[in-house]
Amino acid sequence: MGRHSRSGRARTALAAGSLAAVGIVAILAGPAAQAATTSPAGSAAPARVAGTPCTASAHACVDLTLKQAWLIADGTVTRGPVRIEPGDAQDPTPVGTFDVQWKDQNHVSDMPNRAPMPFSVFFADGGVAFHEGSMTNPSYGCVHLQHDDAVAFFNTLQVGDEVQVH
């Protein structure tokens, strides 16, 4: 139910150079390739994972509005949707694309409540993590999971894996 003070970095979604490279390949390959690799505005359209708001590059996907999350491998859902309890208006779960920074199976919050945060997978600055927690009380910005789901997220996600929060 809390955050840890260790910080990390958020990832940028797609470099401008990648967009330019896709456009060059499409131009060299002709009109059929252009239609397949670019959107009407001329930029690459990332593939979405069916049933989620996330793209195929995500290893974990979160939908804050629906209070659901998924584990994804190679653009395919491997677990989910699972129920989550995110942060509230005072301590919201950040939206964006992040990398898993570190993991701690037996973490304890460094906030005054010293709450246990079992199976923590930290992915955003300020100590925001997936972890086992209450499914009725909002977190302090983290993403609470039921026990079995927290274990699965902890065992599946590795440092550097992409997390998308919508």
# chains A, B, ... in the order shown; residues from 1 in each chain; ligands from 1
>>> residues_around(residues="A:Arg48", least_positions_apart="2", cutoff="12 Å", atoms="only C-alpha atoms", output="PyMOL selection string")
chain A and resi 45-46+50-58+61+72+74-77+164
>>> residues_around(residues="stretch 116-123 of chain A", least_positions_apart="2", cutoff="8 Å", atoms="only C-alpha atoms", output="PyMOL selection string")
chain A and resi 1-2+8+98-109+114+125+127-133+150-151+153-154+157+163
>>> closest_residue(among="A:Val62, A:Pro94, A:His166, A:Asp88", to="A:Tyr140", atoms="only C-alpha atoms")
A:Asp88
>>> closest_residue(among="A:Thr97, A:Thr65, A:Asn113, A:Gln158", to="A:Glu85", atoms="only C-alpha atoms")
A:Thr65
>>> residues_around(residues="A:Leu71", least_positions_apart="4", cutoff="7 Å", atoms="only C-alpha atoms", output="PyMOL selection string")
chain A and resi 59-61+77-80
>>> select_by_dssp(residues="stretch 51-164 of chain A", states="strand (DSSP E or B)", output="PyMOL selection string")
chain A and resi 55+60-63+68-73+76-85+87+96-99+102-108+116-124+128-132+139+143-145+162-164
>>> write_last_selection(atoms="C-alpha atoms", output="short mmCIF file (atom, residue, chain, number, x, y, z; two decimals), in the first residue's frame")
data_model
loop_
_atom_site.label_atom_id
_atom_site.label_comp_id
_atom_site.auth_asym_id
_atom_site.auth_seq_id
_atom_site.Cartn_x
_atom_site.Cartn_y
_atom_site.Cartn_z
CA THR A 55 0.49 -2.03 -28.04
CA ALA A 60 2.25 -5.50 -18.84
CA CYS A 61 -0.82 -3.41 -19.63
CA VAL A 62 -3.05 -1.45 -17.25
CA ASP A 63 -6.46 0.12 -17.89
CA GLN A 68 -7.93 -4.25 -15.26
CA ALA A 69 -4.43 -5.42 -16.14
CA TRP A 70 -2.86 -7.98 -18.48
CA LEU A 71 0.45 -9.76 -18.96
CA ILE A 72 1.52 -9.87 -22.60
CA ALA A 73 4.18 -11.86 -24.48
CA THR A 76 -0.49 -12.00 -27.07
CA VAL A 77 -2.28 -11.85 -23.72
CA THR A 78 -0.89 -14.53 -21.41
CA ARG A 79 -2.86 -13.53 -18.29
CA GLY A 80 -5.87 -11.31 -17.87
CA PRO A 81 -7.78 -9.31 -17.68
CA VAL A 82 -7.16 -9.37 -13.93
CA ARG A 83 -8.79 -7.06 -11.43
CA ILE A 84 -6.66 -4.24 -9.99
CA GLU A 85 -7.05 -1.46 -7.45
CA GLY A 87 -4.35 4.88 -6.80
CA GLY A 96 2.40 6.46 -19.58
CA THR A 97 4.97 3.98 -20.81
CA PHE A 98 7.54 2.79 -18.30
CA ASP A 99 10.21 0.12 -17.79
CA TRP A 102 13.49 -3.45 -9.95
CA LYS A 103 11.66 -6.14 -7.99
CA ASP A 104 11.39 -7.10 -4.31
CA GLN A 105 9.40 -10.15 -3.22
CA ASN A 106 9.17 -9.06 0.44
CA HIS A 107 9.13 -5.26 0.19
CA VAL A 108 7.85 -3.07 3.04
CA PRO A 116 3.89 -4.86 3.47
CA MET A 117 4.05 -4.82 -0.35
CA PRO A 118 4.52 -8.50 -1.27
CA PHE A 119 5.67 -9.37 -4.80
CA SER A 120 6.54 -5.77 -5.73
CA VAL A 121 7.46 -4.98 -9.33
CA PHE A 122 8.56 -1.32 -9.46
CA PHE A 123 7.99 0.47 -12.75
CA ALA A 124 7.58 4.24 -12.25
CA VAL A 128 5.14 2.93 -8.01
CA ALA A 129 4.75 -0.84 -8.29
CA PHE A 130 2.47 -3.74 -9.02
CA HIS A 131 2.08 -5.63 -5.72
CA GLU A 132 -0.31 -7.71 -3.68
CA SER A 139 -3.23 2.37 -3.24
CA VAL A 143 -1.37 -1.09 -8.68
CA HIS A 144 -2.82 -3.57 -6.19
CA LEU A 145 -3.26 -7.15 -7.37
CA GLU A 162 7.77 -2.38 -20.84
CA VAL A 163 4.69 -1.42 -18.79
CA GLN A 164 1.92 0.66 -20.38
#
>>> atom_distance(atom1="atom CA of A:Val159", atom2="atom CA of A:Thr136")
28.6 Å
>>> closest_residue(among="A:Ala152, A:Pro138, A:His147, A:Gly160", to="A:Gln90", atoms="only C-alpha atoms")
A:Pro138
>>> atom_distance(atom1="atom CA of A:Pro92", atom2="atom CA of A:Lys67")
12.8 Å
>>> atom_distance(atom1="atom CA of A:Asn137", atom2="atom CA of A:Leu64")
14.5 Å
